[in-house]
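A.B. asks: Sharing query-v7.txt, compact mmCIF, C-alpha atoms:
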# COMPACT_ATOMS: atom_id res chain seq x y z
CA MET A 166 0.00 0.00 0.00
CA PRO A 167 1.40 3.44 -0.87
CA VAL A 168 2.45 5.66 2.01
CA ARG A 169 2.66 9.43 1.64
CA LYS A 170 6.21 10.44 2.54
CA THR A 171 6.04 14.18 2.02
CA GLU A 172 4.98 16.69 4.62
CA THR A 173 1.87 18.78 3.97
CA LYS A 174 2.12 22.40 5.11
CA GLU A 175 -0.40 23.39 7.80
CA GLY A 176 -2.24 25.91 5.60
CA THR A 177 -2.45 23.44 2.74
CA PHE A 178 -3.67 20.70 5.08
CA LYS A 179 -6.39 22.99 6.46
CA THR A 180 -7.57 23.84 2.94
CA MET A 181 -7.56 20.17 1.93
CA ARG A 182 -9.56 19.19 5.01
CA ASN A 183 -12.15 21.91 4.42
CA MET A 184 -12.45 21.02 0.72
CA SER A 185 -13.03 17.38 1.68
CA PHE A 186 -16.25 18.39 3.45
CA GLU A 187 -17.40 20.27 0.35
CA ASN A 188 -16.73 17.16 -1.73
CA VAL A 189 -18.69 14.94 0.68
CA LEU A 190 -21.58 17.38 0.39
CA VAL A 191 -21.43 17.28 -3.42
CA GLY A 192 -21.80 13.49 -3.32
CA TRP A 193 -24.72 13.64 -0.90
CA PHE A 194 -26.57 16.16 -3.08
CA MET A 195 -25.95 14.08 -6.20
CA GLN A 196 -27.30 10.98 -4.44
CA ASP A 197 -30.48 12.98 -3.77
CA GLY A 198 -30.87 13.94 -7.45
CA TRP A 199 -29.67 17.55 -7.37
CA GLN A 200 -27.59 19.10 -10.14
CA VAL A 201 -24.41 20.24 -8.42
CA PHE A 202 -21.97 22.94 -9.49
CA LYS A 203 -18.65 24.02 -7.95
CA PRO A 204 -17.33 27.50 -8.67
CA VAL A 205 -13.95 27.56 -10.33
CA LEU A 206 -13.06 30.42 -7.98
CA ASP A 207 -15.04 31.26 -4.84
CA ASP A 208 -13.07 34.36 -3.84
CA GLY A 209 -15.54 37.12 -3.00
CA HIS A 210 -18.73 35.33 -4.08
CA GLN A 211 -19.08 33.18 -0.96
CA THR A 212 -20.68 30.24 -2.77
CA ASP A 213 -18.92 26.93 -2.13
CA VAL A 214 -21.56 24.74 -3.78
CA LEU A 215 -24.41 25.65 -6.12
CA ILE A 216 -27.31 23.21 -6.48
CA SER A 217 -30.31 23.15 -8.78
CA ASP A 218 -33.49 21.13 -9.18
CA GLY A 219 -33.87 22.52 -12.73
CA PRO A 220 -35.77 25.80 -12.41
CA ASN A 221 -34.34 26.80 -8.99
CA PHE A 222 -30.77 27.41 -7.87
CA TYR A 223 -29.50 27.54 -4.27
CA ARG A 224 -26.16 28.97 -3.13
CA ILE A 225 -24.51 27.13 -0.28
CA GLN A 226 -21.68 28.10 2.03
CA VAL A 227 -19.82 25.23 3.75
CA LYS A 228 -18.21 25.83 7.13
CA THR A 229 -16.42 23.62 9.62
CA PHE A 230 -16.14 23.93 13.37
CA GLU A 231 -14.35 22.22 16.23
CA ASP A 232 -16.88 20.43 18.44
CA LYS A 233 -16.21 21.49 22.03
CA GLY A 234 -19.31 19.85 23.51
CA THR A 235 -20.71 23.18 24.70
CA TYR A 236 -22.80 25.93 23.21
CA GLN A 237 -20.85 27.38 20.34
CA GLU A 238 -21.21 30.56 18.35
CA VAL A 239 -20.92 30.70 14.59
CA HIS A 240 -20.16 33.91 12.76
CA LYS A 241 -21.62 35.28 9.56
CA ASP A 242 -18.87 35.23 6.92
CA TRP A 243 -21.01 36.30 3.96
CA ASP A 244 -22.81 39.35 2.66
CA ASP A 245 -26.58 39.51 3.04
CA GLY A 246 -28.31 38.01 0.04
CA ASN A 247 -25.25 36.20 -1.33
CA ILE A 248 -26.13 32.72 -0.09
CA ASP A 249 -29.24 30.72 0.74
CA CYS A 250 -27.98 28.34 3.40
CA VAL A 251 -24.95 27.25 5.37
CA ILE A 252 -23.88 23.68 6.05
CA TYR A 253 -21.74 23.31 9.18
CA PHE A 254 -19.57 20.18 9.60
CA SER A 255 -17.84 19.24 12.84
CA ARG A 256 -14.15 18.56 12.10
CA ASN A 257 -13.71 16.21 15.05
CA SER A 258 -17.13 14.51 15.34
CA LYS A 259 -19.57 12.92 12.91
CA PHE A 260 -22.36 15.53 12.80
CA GLY A 261 -23.26 18.92 11.48
CA TYR A 262 -26.02 21.48 11.04
CA VAL A 263 -28.05 22.81 8.13
CA ALA A 264 -28.95 26.46 8.60
CA PRO A 265 -30.61 29.19 6.57
CA ALA A 266 -28.35 32.15 5.87
CA PHE A 267 -28.79 34.62 8.71
CA ARG A 268 -28.32 38.38 8.94
CA GLU A 269 -27.00 38.88 12.46
CA GLU A 270 -23.21 38.80 12.94
CA LYS A 271 -23.23 35.66 15.11
CA ARG A 272 -25.56 32.98 16.40
CA LEU A 273 -25.45 29.89 18.53
CA LEU A 274 -24.79 26.79 16.46
CA GLU A 275 -27.73 25.18 18.29
CA TYR A 276 -30.10 27.97 17.19
CA PRO A 277 -33.71 26.69 16.79
CA GLU A 278 -33.74 27.17 12.97
CA HIS A 279 -30.55 25.10 12.61
CA ILE A 280 -31.19 21.43 11.91
CA ARG A 281 -28.70 18.89 13.23
CA PHE A 282 -27.69 15.85 11.17
CA SER A 283 -25.43 12.88 11.81
CA GLY A 284 -22.51 12.19 9.49
CA THR A 285 -24.52 10.16 6.98
CA SER A 286 -26.06 11.14 3.66
CA SER A 287 -29.56 10.01 4.68
CA SER A 288 -29.47 12.05 7.90
CA PHE A 289 -28.16 15.08 6.02
CA ILE A 290 -30.79 14.86 3.27
CA LYS A 291 -33.61 14.58 5.84
CA ALA A 292 -32.28 17.69 7.61
CA PHE A 293 -31.79 19.58 4.35
CA HIS A 294 -35.36 18.87 3.21
CA LYS A 295 -36.65 20.42 6.47
CA LEU A 296 -34.77 23.66 5.79
CA GLU A 297 -36.83 26.74 5.07
CA VAL A 298 -34.91 29.13 2.86
CA ASN A 299 -35.93 32.77 3.02
CA ARG A 300 -35.90 34.34 -0.44
Once you've parsed the file, please lay out its structure as structure tokens.
C.D. replies:
Amino acid sequence: MPVRKTETKEGTFKTMRNMSFENVLVGWFMQDGWQVFKPVLDDGHQTDVLISDGPNFYRIQVKTFEDKGTYQEVHKDWDDGNIDCVIYFSRNSKFGYVAPAFREEKRLLEYPEHIRFSGTSSSFIKAFHKLEVNR
């Protein structure tokens, strides 16, 4: 079995880890029948994944967090109106949250509108289908 023998720089490793969550999400959406698009460059547009059911398009921001087992705040890292929802993945546990884009600067991760899912595609899709996107 091949073994990687080169060191990955910390910044590169962080980017690779975050991109891996975006790629998992792409697979989950495709399994649910969505058309999925990835921007060639996301700089400034704040859309990590774009999905469509044909006539409708939804802009998604993907974020990760370190699960500390306590109430955690998440911060708004997008401009109002630029995205439709945020998918939060725990980097050190197998769960996440689906959330509508919000306008305030920060919120609790456990906010009532945020829907928790386990680290499986079926759990994620059930949570995503419960999401109410404000347009």
A.B. asks: Please determine, counting all atoms listed in the file, which residue among A:Ser185, A:Thr285, A:Gln200, A:Thr229 has the shortest atom-to-atom distance to Ile216 of chain A.
C.D. replies: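 The closest residue to Ile216 of chain A is A:Gln200.
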A.B. asks: Using Å and a single decimal, report how far atom CA of Asp249 of chain A sits from atom CA of Val298 of chain A.
C.D. replies: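 Calculated distance between atom CA of Val298 of chain A and atom CA of Asp249 of chain A is 6.3 Å.
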A.B. asks: Quick check, in Å to one decimal: how far apart do atom CA of Ser217 of chain A and atom CA of Val201 of chain A lie?
C.D. replies: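 So the two atoms, atom CA of Ser217 of chain A and atom CA of Val201 of chain A, lie 6.6 Å apart.
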A.B. asks: Atom CA of His240 of chain A and atom CA of Leu273 of chain A, how far apart in Å?
C.D. replies: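 The value is 8.8 Å.
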A.B. asks: Please provide the set of residues having any atom within 8 Å of segment 186-188 of chain A, restricted to all atoms listed in the file, with same-chain residues fewer than 2 positions apart removed, written as a PyMOL selection string.
C.D. replies: chain A and resi 182-184+190-192+213-214+227+254
A.B. asks: To box segment 265-279 of chain A, take all atoms listed in the file, fit an axis-aligned box, add 3 Å on each side, and give centre and edge lengths in Å to one decimal, as lines of an AutoDock Vina configuration file.
C.D. replies:
center_x = -28.5
center_y = 32.0
center_z = 12.2
size_x = 16.5
size_y = 19.8
size_z = 18.7
A.B. asks: Because some atoms of segment 277-290 of chain A are absent here, can you restore N, CA and C atoms and send them as a short mmCIF file (atom, residue, chain, number, x, y, z; two decimals), in the frame of the given file?
C.D. replies:
data_model
loop_
_atom_site.label_atom_id
_atom_site.label_comp_id
_atom_site.auth_asym_id
_atom_site.auth_seq_id
_atom_site.Cartn_x
_atom_site.Cartn_y
_atom_site.Cartn_z
N PRO A 277 -32.54 27.51 17.14
CA PRO A 277 -33.71 26.69 16.79
C PRO A 277 -33.93 26.43 15.30
N GLU A 278 -33.58 27.38 14.42
CA GLU A 278 -33.74 27.17 12.97
C GLU A 278 -32.70 26.23 12.39
N HIS A 279 -31.62 25.96 13.11
CA HIS A 279 -30.55 25.10 12.61
C HIS A 279 -30.94 23.65 12.85
N ILE A 280 -30.76 22.82 11.85
CA ILE A 280 -31.19 21.43 11.91
C ILE A 280 -29.97 20.53 11.96
N ARG A 281 -29.86 19.76 13.04
CA ARG A 281 -28.70 18.89 13.23
C ARG A 281 -28.85 17.62 12.40
N PHE A 282 -27.71 17.13 11.87
CA PHE A 282 -27.69 15.85 11.17
C PHE A 282 -26.48 15.05 11.63
N SER A 283 -26.59 13.73 11.52
CA SER A 283 -25.43 12.88 11.81
C SER A 283 -24.58 12.82 10.54
N GLY A 284 -23.44 12.21 10.61
CA GLY A 284 -22.51 12.19 9.49
C GLY A 284 -22.84 11.21 8.38
N THR A 285 -24.13 11.05 8.07
CA THR A 285 -24.52 10.16 6.98
C THR A 285 -25.32 10.93 5.95
N SER A 286 -25.33 10.45 4.72
CA SER A 286 -26.06 11.14 3.66
C SER A 286 -27.55 11.16 3.94
N SER A 287 -28.11 10.05 4.44
CA SER A 287 -29.56 10.01 4.68
C SER A 287 -29.96 10.99 5.78
N SER A 288 -29.18 11.10 6.83
CA SER A 288 -29.47 12.05 7.90
C SER A 288 -29.36 13.48 7.39
N PHE A 289 -28.33 13.74 6.58
CA PHE A 289 -28.16 15.08 6.02
C PHE A 289 -29.34 15.45 5.13
N ILE A 290 -29.71 14.56 4.22
CA ILE A 290 -30.79 14.86 3.27
C ILE A 290 -32.10 15.12 4.01
#
